[in-house]
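*Asks:* Quick one: the structure is below, questions incoming.
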Amino acid sequence: MNIIAHPKSRPDVVPVNPGVRSVRGALDSRFRGNDDRGVKAFWECGGLLSVAEQAFIGLITVVLTMHLVLPCIASGDGQFAGVFRIERINALVLSVVFGAAVLWYIAQARRGAKMYIRPIPGLSAVDEAVGRATEMGRPVVFIPGTGDLDEIQTIAGLSILGRVARVTARYNTPLRVPVLYPLPMAAAQETVREAYLDEGVEHQDPETVQYVAGESFSYSARVGGIMMRERPGAAIYMGLFTAESLLIAEVGQSTGAIQIAGTAAPDQLPFFIAACDYVLIGEELYAASAYLSGDPKILGSLKGQDLMKIVITVIVLAGVLAITFGQNPEWLTTIFEAK
Amino acid sequence: MKSRLPVLVAFISGALMILAFFGRGTVVDAVSDRALTWQTIVGGFSLLLGAVSIARVHWKKVATKHEDRLYSLCLLICFIVMGGSGVINGIGSGTLFDTLFQRIQAPMMSTMFSVLAFFIASAAYRAFRARSVSSAILLVAAVLVMLGRIPMGQYIYHGLPSWADWIMTVPSMAVQRGILIGAALGAASMSLRIILGIERTYLGRG
Amino acid sequence: MHGTAAMDVSGKSFWERLQSVDRRILYTLIFASVIIPILWPLHLPTPVTPESRAFFNAVDSLPSGSVVLFPFDFWPSTLPETEPMAVAGLRHCFRKNLRVVGLSNVGMGGPSIADRLLDSIGSEFHKTYGVDYVNLGYKANYSAVLLGMGSKIADIYPADHRGTRLDSIPLMRQVPNYDSVKFVLIVSDNAMTDYWVALVNARYGLPMVAGVTAIMAPKMLSYIQSHQLLGLLGGMKGAAEYEQLIDHSDKASRGMDAQSLIHFLIIAFIILGNFGFFMLRREQSQKGQN
């Protein structure tokens, strides 16, 4: 589908010159490289943990076991149902299958199995957008959605912010991150500070990450103001968005910024598609950190997720076929029934 | 320890919530309720973080005579008046805070919401171009839905409302479900990565 | 029209300029199409969708005296869309002699709006606060609130929005938890509808309907198909349909004239933009041939 105007077709977009291409090349290596940086998963921390930390984990485990499991058994009728919400067995089975698939592929990836991730145009455009802003001497505006930190899309947005901040730090491009809630502000500040430190830059600009307002329309007004005054070269929106999506993206479009959006909120996708140059749809947002880091462990988890998608598709198809041929397989619907 | 502690906290909190979802019993409920209460308390303190941040940034602008200092001064005055009235008189119906909110803040918020109508029009004008077969299909579907959803639609053709309903409840819903299922799995996978400490980019490490 | 004949000083042809019309012109036309029908109403009838009719039927079939939980889960910013739904919902409930327990999961403005609407529509039907309706107000942490009310409402709301203890309110003495609630009528402009469905309908089986903003409505249709919501009002149009069904035209019905005109205007914009697009392509291909 080609309803999105490509930036190069827009008269207000400056063509990318060879200088920026070199910047982009450098960005590519930053984004695509297998940039593990010694990150260890929880189960890998064993040898690295101090005695105090191991004791802490052990204590928590013992306390949880004693306080959760034993009294639960005692409080029930001695049966398993006294401990476990048996009506949620379907959710447990699905979670275990899903978790096992993800962990299996992560283990495969750690053993060196090759993992492929299809190109995501919106993410490939992130470096082009930051490169363009760098060349024009304009800031990059990044919005990690308008959800709080308990929203998983916000965390996905912050993951992408870390990558963008590294690049802006490297090329001394001003970065603006207006946030709607205080907790994402604290997380975004930390993300940006760490990214700048990684690039050997002491981050001191208090205006980079700003808490703006606790209400989305007040927030939109402020973001619109930032856009109109600072006229960013690139605007990146990654996370949960609600009714304010078009208010922000349309103002960004009017300033001529390259706009890249990503959200898993289906009701806001049409607005982003109309106003932005590139859009990450649904799960592409969650795949972004894997795509950008190239970390095989995270890529492995994507493969596990795909396996689960195939399972669900098969079940849905089975249900459709059964109903088409006059059957009513209620047991199929109970698999996904929430209780 | 500094870098590992957040991973441990994420793991323990995640495991606790999973236990609370599947487990039953007074202790499970008590522990998960306590965790939710902690979350509320931390959330309350985080508001303080936001308030301090906003005051600091704008106070700096006023103190350094930034070109936008008048806006910042206006914000600080409103901040003090709203916050002060809430602390002194409370925020119930009929209080100064409530009056300021209902008479000033609410209409301003509605104004921002109403701007959407203008932006939707300009975005539709710019974006809906029949550049290819698929975008032409999208365009025709959009026009049918818009016509079918307004009173005049049925005068143009009596079947338009049912066409619009069909587009919304069959193809549109099928696509949305597909996106939602994919997004839900993506979210679950990411949650698992966070709980297990594989995904730590949100901590600034990646 | 030939390209060169229509060139302006900037060197752009008429069709090229049509592709990038100054958005202020579009905004002026939109503004006019809102104002004109407000000054001179067209009184267009609104066809009723099956979802709105199902909404009406679900409320209408409740026995007199039933307790309805009425969450006012919307911000003041969306009042033009959500208030008419809430008003029509309250009118329908009070006309049917249903008892309404209002609450809000939106801290800023939600409880005040609930208070204002409950009092004004309650007085229209000579209802008494505490007997026929009550406003519980706002409590933080929606998931804890929604789940906690299933066990004991007084644990979550020890007092109502006015500070009166629940055990002193006659209506609330008869409603200790969800077991005494027959129905939930949600009016929402945010994800709270999803939480009511996922936490309360799924776990406690309470039947519910929802009135949501037009932007949210397409997503909510999936709950209708899965029967987790019995009916749905989408945006101002949904509110206008409901007003028509309860036979009491109000703000939403008046607003539908403007909405119809704006839809037509946007369709006209799209047709004009595409006509210009095709003419430009033709012009460019002719230039290429020359």
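By convention here, the chains of the structure tokens are called A, B, ... in the order presented, each chain's residues are numbered starting at 1, and ligands are numbered starting at 1 in the order presented.
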Can you check which parts of chain A lie within 12 Å of chain C? Per residue, the shortest pair of atoms and distance in Å to one decimal, counting only C-alpha atoms, sorted by chain and number, as JSON lines.
*Replies:*
```
{"residue": "A:Arg10", "atom": "CA", "partner": "C:Ser20", "partner_atom": "CA", "distance": 10.4}
{"residue": "A:Pro11", "atom": "CA", "partner": "C:Ser20", "partner_atom": "CA", "distance": 10.3}
{"residue": "A:Asp12", "atom": "CA", "partner": "C:Ser20", "partner_atom": "CA", "distance": 11.5}
{"residue": "A:Glu87", "atom": "CA", "partner": "C:Arg203", "partner_atom": "CA", "distance": 10.4}
{"residue": "A:Arg88", "atom": "CA", "partner": "C:Arg203", "partner_atom": "CA", "distance": 10.8}
{"residue": "A:Gly147", "atom": "CA", "partner": "C:Ala191", "partner_atom": "CA", "distance": 10.9}
{"residue": "A:Asp150", "atom": "CA", "partner": "C:Asn141", "partner_atom": "CA", "distance": 11.8}
{"residue": "A:Glu151", "atom": "CA", "partner": "C:Ala191", "partner_atom": "CA", "distance": 11.8}
{"residue": "A:Gly214", "atom": "CA", "partner": "C:Met108", "partner_atom": "CA", "distance": 9.8}
{"residue": "A:Glu215", "atom": "CA", "partner": "C:Met108", "partner_atom": "CA", "distance": 8.9}
{"residue": "A:Ser216", "atom": "CA", "partner": "C:Ser77", "partner_atom": "CA", "distance": 9.5}
{"residue": "A:Phe217", "atom": "CA", "partner": "C:Ser77", "partner_atom": "CA", "distance": 7.6}
{"residue": "A:Ser218", "atom": "CA", "partner": "C:Ser77", "partner_atom": "CA", "distance": 9.8}
{"residue": "A:Leu240", "atom": "CA", "partner": "C:Ala191", "partner_atom": "CA", "distance": 11.2}
{"residue": "A:Phe241", "atom": "CA", "partner": "C:Asn190", "partner_atom": "CA", "distance": 10.8}
{"residue": "A:Thr242", "atom": "CA", "partner": "C:Asn190", "partner_atom": "CA", "distance": 7.8}
{"residue": "A:Ala243", "atom": "CA", "partner": "C:Ile215", "partner_atom": "CA", "distance": 7.5}
{"residue": "A:Glu244", "atom": "CA", "partner": "C:Ile215", "partner_atom": "CA", "distance": 11.1}
{"residue": "A:Ser245", "atom": "CA", "partner": "C:Ile215", "partner_atom": "CA", "distance": 11.3}
{"residue": "A:Leu246", "atom": "CA", "partner": "C:Ile215", "partner_atom": "CA", "distance": 11.4}
{"residue": "A:Glu250", "atom": "CA", "partner": "C:Arg23", "partner_atom": "CA", "distance": 10.9}
{"residue": "A:Val251", "atom": "CA", "partner": "C:Arg23", "partner_atom": "CA", "distance": 11.4}
{"residue": "A:Gln253", "atom": "CA", "partner": "C:Arg23", "partner_atom": "CA", "distance": 11.7}
{"residue": "A:Ser254", "atom": "CA", "partner": "C:Arg23", "partner_atom": "CA", "distance": 9.3}
{"residue": "A:Ala265", "atom": "CA", "partner": "C:Lys219", "partner_atom": "CA", "distance": 9.5}
{"residue": "A:Pro266", "atom": "CA", "partner": "C:Lys219", "partner_atom": "CA", "distance": 7.6}
{"residue": "A:Asp267", "atom": "CA", "partner": "C:Met216", "partner_atom": "CA", "distance": 6.4}
{"residue": "A:Gln268", "atom": "CA", "partner": "C:Ile215", "partner_atom": "CA", "distance": 8.1}
{"residue": "A:Leu269", "atom": "CA", "partner": "C:Ile215", "partner_atom": "CA", "distance": 11.0}
{"residue": "A:Pro270", "atom": "CA", "partner": "C:Ile215", "partner_atom": "CA", "distance": 10.3}
{"residue": "A:Phe271", "atom": "CA", "partner": "C:Ile215", "partner_atom": "CA", "distance": 10.3}
{"residue": "A:Thr333", "atom": "CA", "partner": "C:Ser226", "partner_atom": "CA", "distance": 10.4}
{"residue": "A:Phe336", "atom": "CA", "partner": "C:Ala202", "partner_atom": "CA", "distance": 11.8}
{"residue": "A:Glu337", "atom": "CA", "partner": "C:Ala202", "partner_atom": "CA", "distance": 8.5}
{"residue": "A:Ala338", "atom": "CA", "partner": "C:Ala202", "partner_atom": "CA", "distance": 6.0}
{"residue": "A:Lys339", "atom": "CA", "partner": "C:Arg203", "partner_atom": "CA", "distance": 5.2}
```
*Asks:* If you run DSSP on this backbone, which residues of stretch 36-225 of chain C come out as alpha helix (DSSP H), and could you give them as a JSON list (two decimals) with N, CA and C atoms, in the first residue's frame?
*Replies:*
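Output file selection.json is given in full below:
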```json
[["chain", "number", "residue", "atom", "x", "y", "z"],
["C", 36, "ILE", "N", -22.66, 27.08, 10.74],
["C", 36, "ILE", "CA", -23.90, 27.30, 9.97],
["C", 36, "ILE", "C", -25.06, 26.43, 10.49],
["C", 37, "PRO", "N", -24.86, 25.11, 10.65],
["C", 37, "PRO", "CA", -26.02, 24.32, 11.13],
["C", 37, "PRO", "C", -26.41, 24.62, 12.58],
["C", 38, "ILE", "N", -25.47, 25.20, 13.34],
["C", 38, "ILE", "CA", -25.85, 25.58, 14.72],
["C", 38, "ILE", "C", -26.79, 26.79, 14.65],
["C", 39, "LEU", "N", -26.51, 27.71, 13.73],
["C", 39, "LEU", "CA", -27.36, 28.89, 13.59],
["C", 39, "LEU", "C", -28.67, 28.55, 12.87],
["C", 50, "PRO", "N", -27.65, -1.01, 14.77],
["C", 50, "PRO", "CA", -28.04, -2.14, 15.63],
["C", 50, "PRO", "C", -27.38, -2.06, 17.02],
["C", 51, "GLU", "N", -26.13, -1.54, 17.08],
["C", 51, "GLU", "CA", -25.43, -1.48, 18.38],
["C", 51, "GLU", "C", -26.14, -0.53, 19.34],
["C", 52, "SER", "N", -26.61, 0.62, 18.80],
["C", 52, "SER", "CA", -27.31, 1.58, 19.66],
["C", 52, "SER", "C", -28.65, 1.03, 20.10],
["C", 53, "ARG", "N", -29.32, 0.35, 19.17],
["C", 53, "ARG", "CA", -30.62, -0.23, 19.53],
["C", 53, "ARG", "C", -30.43, -1.29, 20.62],
["C", 54, "ALA", "N", -29.36, -2.08, 20.48],
["C", 54, "ALA", "CA", -29.08, -3.11, 21.49],
["C", 54, "ALA", "C", -28.79, -2.47, 22.84],
["C", 55, "PHE", "N", -28.09, -1.34, 22.83],
["C", 55, "PHE", "CA", -27.80, -0.57, 24.05],
["C", 55, "PHE", "C", -29.12, -0.19, 24.72],
["C", 56, "PHE", "N", -30.00, 0.41, 23.92],
["C", 56, "PHE", "CA", -31.30, 0.86, 24.43],
["C", 56, "PHE", "C", -32.09, -0.32, 25.00],
["C", 57, "ASN", "N", -32.15, -1.42, 24.22],
["C", 57, "ASN", "CA", -32.94, -2.58, 24.65],
["C", 57, "ASN", "C", -32.41, -3.17, 25.96],
["C", 58, "ALA", "N", -31.07, -3.19, 26.09],
["C", 58, "ALA", "CA", -30.47, -3.77, 27.30],
["C", 58, "ALA", "C", -30.88, -2.98, 28.53],
["C", 59, "VAL", "N", -30.86, -1.65, 28.43],
["C", 59, "VAL", "CA", -31.26, -0.83, 29.59],
["C", 59, "VAL", "C", -32.76, -0.94, 29.80],
["C", 60, "ASP", "N", -33.49, -0.92, 28.68],
["C", 60, "ASP", "CA", -34.95, -0.90, 28.76],
["C", 60, "ASP", "C", -35.54, -2.17, 29.36],
["C", 79, "LEU", "N", -16.16, 16.14, 26.75],
["C", 79, "LEU", "CA", -17.57, 16.35, 27.14],
["C", 79, "LEU", "C", -18.54, 16.47, 25.95],
["C", 80, "PRO", "N", -18.15, 17.16, 24.86],
["C", 80, "PRO", "CA", -19.11, 17.28, 23.75],
["C", 80, "PRO", "C", -19.59, 15.92, 23.24],
["C", 81, "GLU", "N", -18.75, 14.90, 23.31],
["C", 81, "GLU", "CA", -19.15, 13.58, 22.84],
["C", 81, "GLU", "C", -19.77, 12.74, 23.96],
["C", 82, "THR", "N", -19.15, 12.81, 25.14],
["C", 82, "THR", "CA", -19.54, 11.88, 26.20],
["C", 82, "THR", "C", -20.72, 12.36, 27.05],
["C", 83, "GLU", "N", -20.81, 13.68, 27.25],
["C", 83, "GLU", "CA", -21.89, 14.18, 28.13],
["C", 83, "GLU", "C", -23.28, 13.82, 27.60],
["C", 84, "PRO", "N", -23.55, 14.00, 26.29],
["C", 84, "PRO", "CA", -24.90, 13.63, 25.81],
["C", 84, "PRO", "C", -25.23, 12.17, 26.06],
["C", 85, "MET", "N", -24.22, 11.28, 25.96],
["C", 85, "MET", "CA", -24.47, 9.86, 26.24],
["C", 85, "MET", "C", -24.84, 9.66, 27.70],
["C", 86, "ALA", "N", -24.06, 10.29, 28.58],
["C", 86, "ALA", "CA", -24.30, 10.14, 30.01],
["C", 86, "ALA", "C", -25.67, 10.70, 30.37],
["C", 87, "VAL", "N", -26.00, 11.85, 29.81],
["C", 87, "VAL", "CA", -27.29, 12.48, 30.11],
["C", 87, "VAL", "C", -28.44, 11.59, 29.64],
["C", 88, "ALA", "N", -28.34, 11.09, 28.40],
["C", 88, "ALA", "CA", -29.40, 10.23, 27.87],
["C", 88, "ALA", "C", -29.50, 8.94, 28.68],
["C", 89, "GLY", "N", -28.33, 8.41, 29.07],
["C", 89, "GLY", "CA", -28.31, 7.18, 29.88],
["C", 89, "GLY", "C", -29.01, 7.40, 31.21],
["C", 90, "LEU", "N", -28.71, 8.51, 31.86],
["C", 90, "LEU", "CA", -29.33, 8.81, 33.16],
["C", 90, "LEU", "C", -30.84, 9.00, 33.00],
["C", 91, "ARG", "N", -31.22, 9.72, 31.94],
["C", 91, "ARG", "CA", -32.67, 9.93, 31.71],
["C", 91, "ARG", "C", -33.38, 8.59, 31.56],
["C", 92, "HIS", "N", -32.76, 7.70, 30.79],
["C", 92, "HIS", "CA", -33.37, 6.39, 30.55],
["C", 92, "HIS", "C", -33.48, 5.61, 31.86],
["C", 93, "CYS", "N", -32.39, 5.63, 32.63],
["C", 93, "CYS", "CA", -32.39, 4.90, 33.91],
["C", 93, "CYS", "C", -33.45, 5.45, 34.87],
["C", 94, "PHE", "N", -33.47, 6.77, 35.03],
["C", 94, "PHE", "CA", -34.42, 7.36, 35.99],
["C", 94, "PHE", "C", -35.86, 7.19, 35.52],
["C", 95, "ARG", "N", -36.07, 7.27, 34.21],
["C", 95, "ARG", "CA", -37.42, 7.07, 33.69],
["C", 95, "ARG", "C", -37.89, 5.65, 33.99],
["C", 110, "GLY", "N", -13.71, 14.05, 36.76],
["C", 110, "GLY", "CA", -14.70, 12.97, 36.67],
["C", 110, "GLY", "C", -15.77, 13.02, 37.74],
["C", 111, "PRO", "N", -15.38, 13.05, 39.04],
["C", 111, "PRO", "CA", -16.41, 13.05, 40.10],
["C", 111, "PRO", "C", -17.29, 14.30, 40.07],
["C", 112, "SER", "N", -16.71, 15.45, 39.70],
["C", 112, "SER", "CA", -17.52, 16.68, 39.65],
["C", 112, "SER", "C", -18.55, 16.59, 38.53],
["C", 113, "ILE", "N", -18.12, 16.05, 37.40],
["C", 113, "ILE", "CA", -19.05, 15.90, 36.27],
["C", 113, "ILE", "C", -20.17, 14.94, 36.69],
["C", 114, "ALA", "N", -19.79, 13.84, 37.35],
["C", 114, "ALA", "CA", -20.79, 12.86, 37.81],
["C", 114, "ALA", "C", -21.79, 13.54, 38.74],
["C", 115, "ASP", "N", -21.28, 14.34, 39.67],
["C", 115, "ASP", "CA", -22.14, 15.05, 40.63],
["C", 115, "ASP", "C", -23.13, 15.96, 39.91],
["C", 116, "ARG", "N", -22.57, 16.74, 38.97],
["C", 116, "ARG", "CA", -23.40, 17.72, 38.25],
["C", 116, "ARG", "C", -24.50, 17.02, 37.45],
["C", 117, "LEU", "N", -24.12, 15.99, 36.70],
["C", 117, "LEU", "CA", -25.11, 15.32, 35.84],
["C", 117, "LEU", "C", -26.14, 14.54, 36.66],
["C", 118, "LEU", "N", -25.68, 13.84, 37.71],
["C", 118, "LEU", "CA", -26.61, 13.07, 38.53],
["C", 118, "LEU", "C", -27.63, 13.99, 39.19],
["C", 119, "ASP", "N", -27.15, 15.12, 39.71],
["C", 119, "ASP", "CA", -28.07, 16.05, 40.38],
["C", 119, "ASP", "C", -29.05, 16.67, 39.40],
["C", 120, "SER", "N", -28.52, 17.12, 38.23],
["C", 120, "SER", "CA", -29.42, 17.83, 37.31],
["C", 120, "SER", "C", -30.46, 16.88, 36.70],
["C", 121, "ILE", "N", -30.03, 15.69, 36.27],
["C", 121, "ILE", "CA", -31.01, 14.76, 35.67],
["C", 121, "ILE", "C", -31.87, 14.14, 36.77],
["C", 122, "GLY", "N", -31.26, 13.92, 37.95],
["C", 122, "GLY", "CA", -32.04, 13.38, 39.09],
["C", 122, "GLY", "C", -33.18, 14.32, 39.45],
["C", 123, "SER", "N", -32.88, 15.62, 39.48],
["C", 123, "SER", "CA", -33.94, 16.57, 39.86],
["C", 123, "SER", "C", -35.01, 16.66, 38.77],
["C", 124, "GLU", "N", -34.61, 16.43, 37.52],
["C", 124, "GLU", "CA", -35.59, 16.41, 36.42],
["C", 124, "GLU", "C", -36.66, 15.35, 36.67],
["C", 142, "TYR", "N", -7.33, 1.98, 39.34],
["C", 142, "TYR", "CA", -8.56, 1.42, 38.79],
["C", 142, "TYR", "C", -8.67, -0.10, 38.94],
["C", 143, "SER", "N", -7.54, -0.82, 38.78],
["C", 143, "SER", "CA", -7.65, -2.27, 38.82],
["C", 143, "SER", "C", -8.05, -2.73, 40.22],
["C", 144, "ALA", "N", -7.45, -2.09, 41.24],
["C", 144, "ALA", "CA", -7.80, -2.42, 42.62],
["C", 144, "ALA", "C", -9.26, -2.04, 42.89],
["C", 145, "VAL", "N", -9.71, -0.92, 42.33],
["C", 145, "VAL", "CA", -11.10, -0.47, 42.55],
["C", 145, "VAL", "C", -12.08, -1.45, 41.91],
["C", 146, "LEU", "N", -11.84, -1.77, 40.65],
["C", 146, "LEU", "CA", -12.78, -2.62, 39.91],
["C", 146, "LEU", "C", -12.86, -4.02, 40.53],
["C", 147, "LEU", "N", -11.72, -4.55, 40.93],
["C", 147, "LEU", "CA", -11.73, -5.89, 41.52],
["C", 147, "LEU", "C", -12.23, -5.85, 42.97],
["C", 148, "GLY", "N", -11.79, -4.81, 43.69],
["C", 148, "GLY", "CA", -12.16, -4.71, 45.12],
["C", 148, "GLY", "C", -13.64, -4.58, 45.33],
["C", 149, "MET", "N", -14.35, -3.89, 44.43],
["C", 149, "MET", "CA", -15.79, -3.72, 44.61],
["C", 149, "MET", "C", -16.54, -5.04, 44.50],
["C", 150, "GLY", "N", -15.90, -6.03, 43.88],
["C", 150, "GLY", "CA", -16.51, -7.35, 43.79],
["C", 150, "GLY", "C", -16.64, -8.00, 45.16],
["C", 151, "SER", "N", -15.68, -7.66, 46.07],
["C", 151, "SER", "CA", -15.75, -8.23, 47.42],
["C", 151, "SER", "C", -16.60, -7.35, 48.33],
["C", 153, "ILE", "N", -17.82, -3.11, 48.45],
["C", 153, "ILE", "CA", -17.70, -1.73, 47.93],
["C", 153, "ILE", "C", -17.21, -0.80, 49.03],
["C", 154, "ALA", "N", -17.68, -1.02, 50.27],
["C", 154, "ALA", "CA", -17.32, -0.11, 51.37],
["C", 154, "ALA", "C", -15.82, -0.15, 51.70],
["C", 155, "ASP", "N", -15.15, -1.25, 51.33],
["C", 155, "ASP", "CA", -13.70, -1.31, 51.55],
["C", 155, "ASP", "C", -12.97, -0.36, 50.60],
["C", 156, "ILE", "N", -13.52, -0.21, 49.42],
["C", 156, "ILE", "CA", -12.90, 0.67, 48.42],
["C", 156, "ILE", "C", -13.36, 2.10, 48.64],
["C", 170, "PRO", "N", -28.92, 5.00, 52.45],
["C", 170, "PRO", "CA", -29.89, 3.88, 52.31],
["C", 170, "PRO", "C", -29.62, 3.03, 51.08],
["C", 171, "LEU", "N", -29.35, 3.65, 49.94],
["C", 171, "LEU", "CA", -29.14, 2.87, 48.72],
["C", 171, "LEU", "C", -27.93, 1.94, 48.86],
["C", 172, "MET", "N", -26.84, 2.48, 49.42],
["C", 172, "MET", "CA", -25.62, 1.69, 49.49],
["C", 172, "MET", "C", -25.69, 0.58, 50.54],
["C", 173, "ARG", "N", -26.60, 0.72, 51.50],
["C", 173, "ARG", "CA", -26.78, -0.36, 52.48],
["C", 173, "ARG", "C", -27.30, -1.63, 51.79],
["C", 192, "MET", "N", -10.60, 2.61, 30.01],
["C", 192, "MET", "CA", -11.36, 2.04, 31.12],
["C", 192, "MET", "C", -12.40, 1.03, 30.66],
["C", 193, "THR", "N", -12.97, 1.25, 29.46],
["C", 193, "THR", "CA", -13.97, 0.29, 28.97],
["C", 193, "THR", "C", -13.34, -1.10, 28.87],
["C", 194, "ASP", "N", -12.10, -1.15, 28.34],
["C", 194, "ASP", "CA", -11.41, -2.44, 28.23],
["C", 194, "ASP", "C", -11.26, -3.08, 29.61],
["C", 195, "TYR", "N", -10.93, -2.26, 30.62],
["C", 195, "TYR", "CA", -10.72, -2.81, 31.96],
["C", 195, "TYR", "C", -12.03, -3.29, 32.57],
["C", 202, "ALA", "N", -15.57, -10.22, 32.66],
["C", 202, "ALA", "CA", -14.96, -11.55, 32.56],
["C", 202, "ALA", "C", -15.00, -12.28, 33.90],
["C", 203, "ARG", "N", -14.71, -11.57, 34.98],
["C", 203, "ARG", "CA", -14.58, -12.25, 36.27],
["C", 203, "ARG", "C", -15.91, -12.41, 36.99],
["C", 204, "TYR", "N", -16.77, -11.35, 36.93],
["C", 204, "TYR", "CA", -18.00, -11.39, 37.72],
["C", 204, "TYR", "C", -19.25, -11.61, 36.86],
["C", 217, "ALA", "N", -14.80, 3.70, 18.99],
["C", 217, "ALA", "CA", -15.90, 2.79, 18.69],
["C", 217, "ALA", "C", -15.50, 1.58, 17.83],
["C", 218, "PRO", "N", -14.71, 1.75, 16.76],
["C", 218, "PRO", "CA", -14.40, 0.55, 15.95],
["C", 218, "PRO", "C", -13.75, -0.56, 16.75],
["C", 219, "LYS", "N", -12.87, -0.19, 17.68],
["C", 219, "LYS", "CA", -12.20, -1.21, 18.50],
["C", 219, "LYS", "C", -13.21, -1.94, 19.40],
["C", 220, "MET", "N", -14.20, -1.18, 19.89],
["C", 220, "MET", "CA", -15.16, -1.76, 20.84],
["C", 220, "MET", "C", -16.11, -2.76, 20.17],
["C", 221, "LEU", "N", -16.21, -2.67, 18.83],
["C", 221, "LEU", "CA", -17.13, -3.59, 18.15],
["C", 221, "LEU", "C", -16.76, -5.05, 18.39],
["C", 222, "SER", "N", -15.47, -5.30, 18.66],
["C", 222, "SER", "CA", -15.08, -6.69, 18.91],
["C", 222, "SER", "C", -15.73, -7.21, 20.20],
["C", 223, "TYR", "N", -15.93, -6.33, 21.17],
["C", 223, "TYR", "CA", -16.61, -6.75, 22.41],
["C", 223, "TYR", "C", -18.09, -7.03, 22.16],
["C", 224, "ILE", "N", -18.66, -6.32, 21.19],
["C", 224, "ILE", "CA", -20.06, -6.57, 20.84],
["C", 224, "ILE", "C", -20.17, -7.96, 20.22],
["C", 225, "GLN", "N", -19.23, -8.24, 19.30],
["C", 225, "GLN", "CA", -19.28, -9.54, 18.61],
["C", 225, "GLN", "C", -19.08, -10.70, 19.58]]
```
*Asks:* Return the single residue from C:Arg99, C:His161, C:His126, C:Arg282 that is closest to chain B, with distances computed using only C-alpha atoms.
*Replies:*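 So, comparing all the options, the nearest one is C:His161.
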*Asks:* Quick check: residues of chain B within 6 Å of chain A, only C-alpha atoms, returned as JSON, numbers by chain.
*Replies:* {"B": [22, 23, 24, 25, 27, 28, 46, 47, 50, 109, 112, 123, 127, 134, 135, 179, 182, 183, 186, 196, 197, 198, 201, 202, 203, 204]}
*Asks:* Identify which of the residues B:Ala184, B:Val143, B:Ser189, B:Gly159 lies closest to chain C, counting only C-alpha atoms when measuring atom-to-atom distances.
*Replies:* B:Val143
*Asks:* Sort by chain and increasing residue number a table of all residues of chain B within 6 Å of chain C, each with its closest pair of atoms and their distance in Å to one decimal, counting only C-alpha atoms, and write it as CSV.
*Replies:*
```
residue,atom,partner,partner_atom,distance
B:Ser93,CA,C:Ser112,CA,5.8
B:Ala106,CA,C:Pro76,CA,5.3
B:Met109,CA,C:Ser77,CA,4.6
B:Ser110,CA,C:Ser77,CA,3.9
B:Phe118,CA,C:Tyr27,CA,5.6
B:Ala121,CA,C:Ile266,CA,5.8
B:Tyr125,CA,C:Ile270,CA,5.3
B:Arg129,CA,C:Asn274,CA,5.6
B:Ile150,CA,C:Ser260,CA,5.4
B:Pro151,CA,C:Thr46,CA,4.9
```
*Asks:* Nearest to A:Gly256: which of A:Gly122, A:Met115, A:Ala322, A:Ala133 is it, counting only C-alpha atoms?
*Replies:* A:Ala133
*Asks:* Between atom CA of B:Gln39 and atom CA of B:Gln102, what is the distance in Å, rounded to a tenth?
*Replies:*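 For atom CA of B:Gln39 relative to atom CA of B:Gln102, the distance reads 29.1 Å.
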*Asks:* Could you write out, as an MDAnalysis selection string, all the residues of stretch 215-250 of chain A that DSSP marks as strand (DSSP E or B)?
*Replies:* chainID A and resid 234:238
*Asks:* Please produce an output containing N, CA and C atoms for each residue in the selection, written as a short mmCIF file (atom, residue, chain, number, x, y, z; two decimals), in the first residue's frame.
*Replies:*
```
data_model
loop_
_atom_site.label_atom_id
_atom_site.label_comp_id
_atom_site.auth_asym_id
_atom_site.auth_seq_id
_atom_site.Cartn_x
_atom_site.Cartn_y
_atom_site.Cartn_z
N ALA A 234 13.53 15.91 12.85
CA ALA A 234 12.92 14.58 12.90
C ALA A 234 12.04 14.48 14.13
N ALA A 235 10.90 13.82 13.97
CA ALA A 235 10.01 13.60 15.11
C ALA A 235 9.68 12.11 15.16
N ILE A 236 9.96 11.51 16.29
CA ILE A 236 9.77 10.05 16.42
C ILE A 236 8.78 9.79 17.55
N TYR A 237 7.71 9.09 17.23
CA TYR A 237 6.67 8.80 18.22
C TYR A 237 6.59 7.29 18.39
N MET A 238 6.98 6.78 19.54
CA MET A 238 6.98 5.34 19.75
C MET A 238 6.35 5.00 21.09
#
```
*Asks:* Might you pull out every residue within 10 Å of A:Gly319, with only C-alpha atoms counted and same-chain residues fewer than 3 positions away left off, and present them as a list in words?
*Replies:*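 Contacts, in chain order: Thr313, Val314, Ile315, Val316, Ala322, Ile323, Thr324, Phe325, Gln327, Asn328, Pro329, Glu330, Trp331, Leu332 and Thr333 of chain A.
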*Asks:* When you draw a straight line from atom CA of C:Ser64 to atom CA of C:Lys96, how long is it in Å?
*Replies:*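 Here the two named atoms are 5.9 Å from each other.
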*Asks:* Which is closer to C:Leu103 than all the others in C:Lys139, C:Lys182, C:Arg165, C:His227, using only C-alpha atoms?
*Replies:*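 Comparing C:Lys139, C:Lys182, C:Arg165, C:His227 against C:Leu103, the winner is C:Lys139.
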